[in-house]
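Raw contents of upload.cif, mmCIF, C-alpha atoms:
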data_coords
#
loop_
_atom_site.label_atom_id
_atom_site.label_comp_id
_atom_site.auth_asym_id
_atom_site.auth_seq_id
_atom_site.Cartn_x
_atom_site.Cartn_y
_atom_site.Cartn_z
CA MET A 1 -62.02 -0.99 47.19
CA VAL A 2 -59.38 -0.62 49.92
CA TYR A 3 -57.02 -3.06 48.24
CA ASN A 4 -57.42 -1.38 44.84
CA LEU A 5 -56.23 1.87 46.41
CA VAL A 6 -53.34 0.13 48.18
CA ARG A 7 -52.39 -1.69 44.98
CA ASN A 8 -52.29 1.54 43.00
CA ILE A 9 -49.88 2.97 45.55
CA LEU A 10 -47.73 -0.18 45.59
CA PHE A 11 -47.58 -0.26 41.79
CA VAL A 12 -45.74 3.05 41.86
CA LEU A 13 -42.84 1.19 43.47
CA ASP A 14 -40.42 -1.18 41.78
CA PRO A 15 -42.09 -4.67 41.91
CA GLU A 16 -39.44 -6.27 44.10
CA THR A 17 -39.42 -3.31 46.50
CA ALA A 18 -43.23 -3.41 46.62
CA HIS A 19 -43.13 -7.13 47.42
CA LYS A 20 -40.82 -6.67 50.40
CA PHE A 21 -42.76 -3.61 51.56
CA THR A 22 -46.06 -5.53 51.38
CA LEU A 23 -44.72 -8.40 53.48
CA ASN A 24 -43.43 -5.99 56.12
CA VAL A 25 -46.69 -4.01 56.18
CA LEU A 26 -48.71 -7.22 56.55
CA HIS A 27 -46.49 -8.28 59.43
CA VAL A 28 -47.21 -5.01 61.27
CA PHE A 29 -50.89 -4.56 60.33
CA LEU A 30 -51.89 -8.08 61.38
CA ARG A 31 -50.67 -7.33 64.89
CA VAL A 32 -52.77 -4.17 65.32
CA PRO A 33 -56.43 -5.13 66.03
CA LEU A 34 -58.04 -2.20 64.18
CA LEU A 35 -55.82 -2.58 61.11
CA LYS A 36 -56.11 -6.38 61.23
CA LYS A 37 -59.83 -6.09 60.50
CA ILE A 38 -59.06 -4.58 57.10
CA PHE A 39 -57.42 -7.85 56.05
CA ILE A 40 -59.38 -10.58 57.80
CA SER A 41 -62.82 -9.18 58.70
CA LYS A 42 -64.41 -10.73 55.59
CA ARG A 43 -62.96 -14.21 56.08
CA THR A 44 -65.53 -16.91 55.46
CA GLU A 45 -65.84 -20.29 57.08
CA THR A 46 -63.72 -22.78 55.18
CA VAL A 47 -63.98 -26.52 54.67
CA GLU A 48 -61.14 -28.81 55.71
CA THR A 49 -59.87 -30.96 52.87
CA GLU A 50 -57.57 -33.99 52.61
CA PHE A 51 -54.77 -34.26 50.08
CA CYS A 52 -52.04 -36.91 49.92
CA GLY A 53 -53.02 -38.04 53.40
CA LEU A 54 -52.64 -34.58 54.96
CA LYS A 55 -55.48 -32.44 56.29
CA PHE A 56 -55.58 -28.88 54.94
CA PRO A 57 -57.68 -26.07 56.49
CA ASN A 58 -58.94 -25.22 52.99
CA LYS A 59 -57.97 -25.78 49.35
CA LEU A 60 -56.03 -22.54 48.85
CA GLY A 61 -52.27 -22.11 49.14
CA ILE A 62 -49.68 -19.48 48.33
CA ALA A 63 -47.24 -20.78 45.73
CA ALA A 64 -43.50 -21.02 46.23
CA GLY A 65 -41.59 -17.81 45.59
CA PHE A 66 -43.83 -15.52 47.62
CA ASP A 67 -42.41 -16.35 51.06
CA LYS A 68 -39.01 -17.62 49.96
CA ASN A 69 -37.43 -17.74 53.41
CA GLY A 70 -40.41 -18.78 55.54
CA GLY A 71 -40.57 -15.56 57.52
CA HIS A 72 -44.26 -14.79 56.98
CA ILE A 73 -46.11 -18.06 57.52
CA ARG A 74 -48.30 -16.75 60.35
CA ASP A 75 -49.18 -13.58 58.41
CA LEU A 76 -50.23 -15.52 55.30
CA ALA A 77 -52.20 -18.03 57.36
CA LEU A 78 -54.07 -15.19 59.07
CA LEU A 79 -55.03 -13.86 55.64
CA GLY A 80 -56.69 -17.21 54.92
CA PHE A 81 -54.17 -19.38 53.10
CA GLY A 82 -54.53 -23.03 54.09
CA HIS A 83 -51.02 -23.94 53.01
CA ILE A 84 -47.84 -21.97 52.49
CA GLU A 85 -45.09 -23.28 50.22
CA VAL A 86 -41.71 -21.96 51.34
CA GLY A 87 -38.80 -21.57 48.94
CA THR A 88 -37.44 -22.40 46.52
CA VAL A 89 -34.79 -23.43 49.10
CA THR A 90 -31.20 -24.18 48.07
CA PRO A 91 -28.39 -25.59 50.25
CA LYS A 92 -26.39 -22.37 50.16
CA GLY A 93 -27.84 -18.89 50.26
CA GLN A 94 -27.66 -17.07 46.93
CA ILE A 95 -28.51 -13.57 45.79
CA GLY A 96 -30.14 -14.66 42.55
CA ASN A 97 -29.96 -12.92 39.22
CA PRO A 98 -29.03 -9.25 38.73
CA LYS A 99 -31.75 -6.64 39.27
CA PRO A 100 -34.15 -5.61 37.85
CA ARG A 101 -35.57 -9.13 37.70
CA LEU A 102 -39.29 -8.76 38.44
CA PHE A 103 -41.64 -6.94 36.06
CA ARG A 104 -45.36 -6.19 35.96
CA LEU A 105 -47.57 -6.44 32.88
CA PRO A 106 -50.70 -4.74 34.28
CA SER A 107 -52.80 -4.94 31.11
CA ASP A 108 -52.31 -8.71 31.17
CA LYS A 109 -52.51 -9.05 34.97
CA ALA A 110 -49.19 -10.84 34.67
CA LEU A 111 -45.62 -10.84 35.94
CA ILE A 112 -42.30 -11.76 34.39
CA ASN A 113 -39.61 -12.83 36.81
CA ARG A 114 -36.05 -14.05 36.54
CA MET A 115 -35.31 -14.07 40.26
CA GLY A 116 -32.99 -17.08 40.12
CA PHE A 117 -33.75 -18.91 43.38
CA ASN A 118 -32.67 -16.01 45.59
CA ASN A 119 -32.98 -17.24 49.18
CA ASP A 120 -31.06 -17.26 52.46
CA GLY A 121 -30.08 -20.94 52.21
CA VAL A 122 -31.45 -23.98 53.98
CA ASP A 123 -29.77 -23.38 57.37
CA ALA A 124 -31.22 -19.88 57.70
CA ILE A 125 -34.65 -21.10 56.61
CA VAL A 126 -34.51 -23.95 59.13
CA ASN A 127 -33.95 -21.30 61.82
CA LYS A 128 -36.98 -19.32 60.60
CA LEU A 129 -39.19 -22.41 60.60
CA GLU A 130 -38.01 -23.45 64.05
CA ASP A 131 -38.77 -19.96 65.31
CA TYR A 132 -42.24 -20.11 63.77
CA ARG A 133 -42.99 -23.51 65.35
CA ARG A 134 -41.75 -22.34 68.78
CA ASN A 135 -43.95 -19.25 68.75
CA ILE A 136 -47.28 -20.60 67.53
CA ARG A 137 -50.06 -19.09 69.60
CA THR A 138 -53.14 -20.92 70.83
CA ASN A 139 -55.56 -19.15 68.49
CA ASP A 140 -53.27 -19.07 65.47
CA PRO A 141 -54.43 -20.85 62.30
CA ARG A 142 -52.49 -24.02 61.52
CA PRO A 143 -51.50 -23.97 57.85
CA VAL A 144 -49.82 -26.89 56.11
CA ILE A 145 -46.22 -25.97 55.24
CA GLY A 146 -44.54 -27.12 52.05
CA GLY A 147 -40.82 -27.11 51.33
CA ASN A 148 -40.01 -26.32 47.70
CA ILE A 149 -36.42 -27.44 47.08
CA GLY A 150 -33.94 -26.77 44.29
CA LYS A 151 -30.27 -26.65 43.44
CA ASN A 152 -27.73 -23.85 43.68
CA LYS A 153 -26.79 -22.13 40.44
CA ILE A 154 -23.14 -23.17 40.81
CA THR A 155 -24.00 -26.85 41.26
CA PRO A 156 -23.59 -28.80 38.00
CA ASN A 157 -26.59 -30.89 36.97
CA GLU A 158 -24.58 -34.09 37.46
CA GLU A 159 -24.37 -33.24 41.18
CA ALA A 160 -27.84 -31.72 41.54
CA VAL A 161 -29.19 -34.70 43.48
CA ASN A 162 -26.87 -33.79 46.36
CA ASP A 163 -28.48 -30.34 46.66
CA TYR A 164 -31.99 -31.78 46.73
CA THR A 165 -31.12 -34.37 49.37
CA ALA A 166 -29.27 -31.78 51.50
CA CYS A 167 -32.34 -29.53 51.61
CA TYR A 168 -34.69 -32.46 52.18
CA GLU A 169 -32.69 -33.79 55.11
CA LYS A 170 -32.57 -30.48 56.97
CA LEU A 171 -36.17 -29.47 56.30
CA TYR A 172 -37.71 -32.86 57.02
CA PRO A 173 -38.78 -32.22 60.65
CA LEU A 174 -40.13 -28.76 59.84
CA VAL A 175 -42.29 -29.01 56.72
CA ASP A 176 -45.33 -31.17 55.96
CA TYR A 177 -44.65 -31.94 52.31
CA PHE A 178 -41.89 -31.48 49.73
CA VAL A 179 -41.83 -30.19 46.17
CA ILE A 180 -39.04 -30.94 43.71
CA ASN A 181 -38.47 -27.84 41.60
CA VAL A 182 -36.74 -28.68 38.32
CA SER A 183 -39.04 -26.47 36.22
CA SER A 184 -37.97 -22.89 36.93
CA PRO A 185 -36.70 -21.22 33.75
CA ASN A 186 -34.41 -18.88 35.71
CA THR A 187 -31.55 -21.21 36.71
CA PRO A 188 -29.37 -22.19 33.74
CA ASN A 189 -30.00 -25.77 32.53
CA LEU A 190 -32.30 -26.57 35.47
CA ARG A 191 -35.10 -27.71 33.18
CA ALA A 192 -32.81 -30.40 31.75
CA LEU A 193 -33.42 -32.19 35.07
CA GLN A 194 -37.01 -32.78 33.92
CA ASP A 195 -35.69 -35.44 31.54
CA LYS A 196 -36.57 -38.93 32.64
CA GLU A 197 -33.17 -40.24 33.79
CA PRO A 198 -31.99 -37.29 35.93
CA LEU A 199 -35.48 -36.79 37.32
CA LEU A 200 -35.78 -40.41 38.41
CA ASN A 201 -32.33 -40.14 39.98
CA ILE A 202 -33.53 -37.26 42.18
CA ILE A 203 -36.86 -38.90 43.03
CA ASN A 204 -35.26 -42.22 43.94
CA ALA A 205 -32.63 -40.54 46.12
CA LEU A 206 -35.30 -38.57 47.99
CA SER A 207 -37.49 -41.64 48.34
CA LYS A 208 -34.61 -43.56 49.89
CA LEU A 209 -33.89 -40.66 52.24
CA ARG A 210 -37.54 -40.42 53.21
CA LYS A 211 -37.52 -44.05 54.36
CA GLU A 212 -34.49 -43.30 56.54
CA LYS A 213 -36.11 -40.18 57.98
CA GLU A 214 -39.35 -42.01 58.71
CA LYS A 215 -37.42 -44.33 61.00
CA GLU A 216 -35.59 -41.44 62.65
CA PHE A 217 -38.74 -39.31 63.11
CA ASN A 218 -41.32 -42.07 63.46
CA GLU A 219 -43.69 -39.81 65.41
CA LEU A 220 -44.11 -37.43 62.45
CA PRO A 221 -46.82 -37.81 59.78
CA TYR A 222 -45.96 -38.98 56.28
CA ARG A 223 -44.18 -36.35 54.13
CA PRO A 224 -45.65 -36.43 50.60
CA LEU A 225 -43.23 -35.76 47.74
CA LEU A 226 -44.50 -33.77 44.76
CA LEU A 227 -42.99 -32.60 41.48
CA LYS A 228 -43.65 -29.15 40.03
CA ILE A 229 -43.71 -29.19 36.24
CA ALA A 230 -43.32 -26.56 33.53
CA PRO A 231 -46.19 -25.50 31.25
CA ASP A 232 -43.82 -25.71 28.27
CA LEU A 233 -43.54 -29.51 28.21
CA THR A 234 -44.47 -31.32 25.02
CA GLU A 235 -47.14 -34.02 25.02
CA GLY A 236 -44.40 -36.66 24.94
CA GLN A 237 -42.65 -35.10 27.92
CA LEU A 238 -45.94 -34.94 29.80
CA ASP A 239 -46.47 -38.64 29.09
CA ASP A 240 -43.02 -39.33 30.57
CA VAL A 241 -43.92 -37.30 33.67
CA ILE A 242 -47.18 -39.21 34.06
CA GLU A 243 -45.34 -42.52 33.74
CA ILE A 244 -42.76 -41.42 36.32
CA ALA A 245 -45.48 -40.23 38.71
CA MET A 246 -47.34 -43.53 38.44
CA GLU A 247 -44.32 -45.81 38.71
CA SER A 248 -42.09 -43.99 41.22
CA ASP A 249 -42.57 -42.94 44.83
CA LEU A 250 -43.83 -39.50 43.82
CA ASP A 251 -47.09 -38.66 45.59
CA GLY A 252 -48.36 -36.02 43.20
CA LEU A 253 -47.74 -33.20 40.73
CA ILE A 254 -48.04 -29.42 40.77
CA ALA A 255 -49.13 -28.00 37.43
CA THR A 256 -47.69 -25.55 36.54
CA ASN A 257 -44.65 -23.33 37.01
CA THR A 258 -44.09 -20.15 34.96
CA THR A 259 -43.77 -20.21 31.16
CA ILE A 260 -41.10 -18.97 28.76
CA SER A 261 -43.82 -18.38 26.14
CA ARG A 262 -44.98 -14.83 25.35
CA GLU A 263 -48.03 -15.80 23.32
CA GLY A 264 -51.33 -13.99 23.70
CA LEU A 265 -50.07 -10.90 25.54
CA THR A 266 -51.76 -7.53 25.14
CA THR A 267 -48.67 -5.72 26.42
CA PRO A 268 -46.85 -4.27 23.37
CA GLU A 269 -44.23 -6.61 21.94
CA GLU A 270 -41.56 -3.92 22.19
CA ALA A 271 -42.12 -3.55 25.94
CA VAL A 272 -42.06 -7.32 26.44
CA SER A 273 -38.83 -7.66 24.43
CA LYS A 274 -37.24 -4.91 26.50
CA ILE A 275 -37.94 -6.90 29.69
CA GLY A 276 -36.10 -9.90 28.29
CA ALA A 277 -35.86 -13.41 29.69
CA GLY A 278 -37.87 -14.78 32.60
CA GLY A 279 -40.87 -16.84 33.56
CA LEU A 280 -44.30 -15.42 32.75
CA SER A 281 -47.08 -15.90 35.30
CA GLY A 282 -50.62 -14.67 35.72
CA GLN A 283 -53.69 -14.62 33.50
CA PRO A 284 -51.88 -15.43 30.21
CA LEU A 285 -51.04 -18.82 31.77
CA THR A 286 -54.63 -19.68 32.70
CA HIS A 287 -55.53 -21.74 29.63
CA ARG A 288 -52.25 -23.66 29.33
CA SER A 289 -52.10 -24.58 33.02
CA GLN A 290 -55.72 -25.72 32.91
CA GLU A 291 -55.02 -27.74 29.76
CA ILE A 292 -52.00 -29.51 31.26
CA LEU A 293 -53.78 -30.35 34.50
CA GLN A 294 -56.74 -31.75 32.56
CA TYR A 295 -54.43 -33.78 30.31
CA ILE A 296 -52.60 -35.34 33.26
CA ASN A 297 -55.83 -36.17 35.03
CA ASP A 298 -57.39 -37.71 31.93
CA ARG A 299 -54.32 -39.74 30.92
CA SER A 300 -53.77 -41.05 34.45
CA GLY A 301 -57.43 -41.87 35.01
CA GLY A 302 -57.50 -39.48 37.94
CA THR A 303 -54.96 -41.53 39.89
CA ILE A 304 -52.34 -38.76 40.36
CA PRO A 305 -53.00 -36.20 43.11
CA LEU A 306 -52.72 -32.72 41.56
CA ILE A 307 -52.28 -29.15 42.76
CA GLY A 308 -53.44 -26.56 40.24
CA VAL A 309 -51.50 -23.31 39.94
CA GLY A 310 -50.91 -20.79 37.16
CA GLY A 311 -53.26 -18.02 36.10
CA ILE A 312 -55.83 -18.51 38.85
CA SER A 313 -57.33 -15.08 39.44
CA SER A 314 -61.01 -15.76 40.16
CA ALA A 315 -63.37 -18.24 41.77
CA GLU A 316 -64.31 -19.41 38.26
CA ASN A 317 -60.65 -20.24 37.45
CA ALA A 318 -60.28 -22.05 40.75
CA LYS A 319 -63.45 -24.13 40.32
CA MET A 320 -62.38 -25.13 36.81
CA ARG A 321 -59.05 -26.46 38.19
CA LEU A 322 -60.86 -28.42 40.87
CA GLU A 323 -63.34 -29.82 38.35
CA ALA A 324 -60.40 -30.83 36.13
CA GLY A 325 -58.94 -32.94 38.93
CA ALA A 326 -56.97 -30.63 41.25
CA GLY A 327 -57.23 -31.45 44.93
CA LEU A 328 -55.73 -28.10 45.93
CA ILE A 329 -55.05 -24.76 44.24
CA GLN A 330 -52.33 -22.15 44.66
CA ILE A 331 -51.98 -18.51 43.67
CA TYR A 332 -49.16 -15.98 43.47
CA THR A 333 -49.66 -13.42 40.69
CA GLY A 334 -53.40 -13.51 41.28
CA PHE A 335 -52.72 -12.43 44.86
CA ILE A 336 -50.55 -9.52 43.65
CA TYR A 337 -53.42 -8.20 41.54
CA GLY A 338 -56.41 -9.39 43.61
CA GLY A 339 -55.11 -9.01 47.15
CA PRO A 340 -56.85 -10.23 50.33
CA PRO A 341 -60.36 -10.13 48.76
CA LEU A 342 -59.30 -12.85 46.31
CA VAL A 343 -57.83 -14.91 49.16
CA HIS A 344 -61.10 -14.70 51.10
CA GLU A 345 -63.08 -15.74 48.02
CA LEU A 346 -60.90 -18.70 47.07
CA ALA A 347 -60.37 -19.99 50.61
CA ALA A 348 -64.14 -20.46 50.89
CA ILE A 349 -64.41 -22.73 47.85
#
As structure tokens - that is how I would like this structure written.
Amino acid sequence: MVYNLVRNILFVLDPETAHKFTLNVLHVFLRVPLLKKIFISKRTETVETEFCGLKFPNKLGIAAGFDKNGGHIRDLALLGFGHIEVGTVTPKGQIGNPKPRLFRLPSDKALINRMGFNNDGVDAIVNKLEDYRRNIRTNDPRPVIGGNIGKNKITPNEEAVNDYTACYEKLYPLVDYFVINVSSPNTPNLRALQDKEPLLNIINALSKLRKEKEKEFNELPYRPLLLKIAPDLTEGQLDDVIEIAMESDLDGLIATNTTISREGLTTPEEAVSKIGAGGLSGQPLTHRSQEILQYINDRSGGTIPLIGVGGISSAENAKMRLEAGAGLIQIYTGFIYGGPPLVHELAAI
């Protein structure tokens, strides 16, 4: 009830403005005891789970893109998220694509975004993460932190591996796992890196770097390496991804990123066309993301660790992903529409 009222107010604002406003309000409210109760009073006991050798407070995470610069880890953990995926992080800070670049489709409970990896750059994000680690309080929840890494827009694909290794090297002591993002539709030609040869080049370079870092930081736990894939891959491309995951040093897959498809929307076609390019997320992605996760799990015989994301907006959606083989789940658009009540519900699964 309270969140529905808050959401209606927020939806009057431009989506990107509302996003920044929400993060700032959360930051303030969660530090005022009376206001804090609004957000966390209904939190349920959660069950610790293991994934890729790491222990997670629960199965629910916030997907990359929500806390791009890692400035709100404590706030999101207090809400109930068991893991927070920071990024997408690029070596150099970049402003992303021109505004407007984030759009709501309320009748579909969906978003279209063409943000373009806007972030402060790896050095600034390292500072934020160091500040977070220095200031952890005794009673604070301890979420698992993921580092979602990508390439700068100006970096040609032939040199992309250098961007991924640069981010990996600097983030290594500060995040618990890594995600290779080659599946965003909002950086020109990025998805070409999903092809077998360039993808293996990136994976192998990061695997080699991980071995070096393990020697340098031998007191730190193992850093799993995951790949986030697009929902628009063909069956043949999915088979290639499965083969790569099973034969390389990848530890798992995240299925899926946003889609370039506009099928099945109830929002009028004219309004959708007016928005233009961008990745679609939210409920219209539910079936396709579920289908891809199930396909990967079936074809691999359940041997590939999977995180399910895309169109999860209810406990039923979440349970279906877990039953299809996901070890963890993530939300983003579902959180925009469902708010803290959805977090409390899913964190208890």
Can you give me, as a PyMOL selection string, the residues this file yields under the PyMOL selection byres ((chain A and resi 99-105) around 9)?
-> chain A and resi 11+14-16+96-98+106-116+265-267+272+275+278
Residues at most 9 Å from Ile202 (chain A), counting all atoms listed in the file, excluding those fewer than 4 positions away in the same chain, as an MDAnalysis selection string?
-> chainID A and resid 160:162 164:165 180 193 197:198 206:207
The distance between CA of Ser261 (chain A) and CA of Glu316 (chain A) is 23.8 Å
Taking the file as shown, find all residues satisfying the PyMOL selection byres ((chain A and resi 256) around 6) and write them as a list in words.
-> Ile229, Ala230, Pro231, Ile254, Ala255, Asn257, Ser289, Val309 and Gly310 of chain A
Compile the contact shell of region 323-333 of chain A as JSON, numbers by chain: residues with an atom at most 9 Å away, counting all atoms listed in the file, same-chain residues fewer than 4 positions apart removed.
-> {"A": [49, 50, 51, 58, 59, 60, 61, 62, 63, 64, 65, 66, 83, 109, 110, 111, 281, 282, 283, 290, 291, 293, 294, 295, 296, 297, 298, 302, 304, 305, 306, 307, 308, 309, 310, 311, 312, 313, 318, 319, 337, 338, 343, 346]}
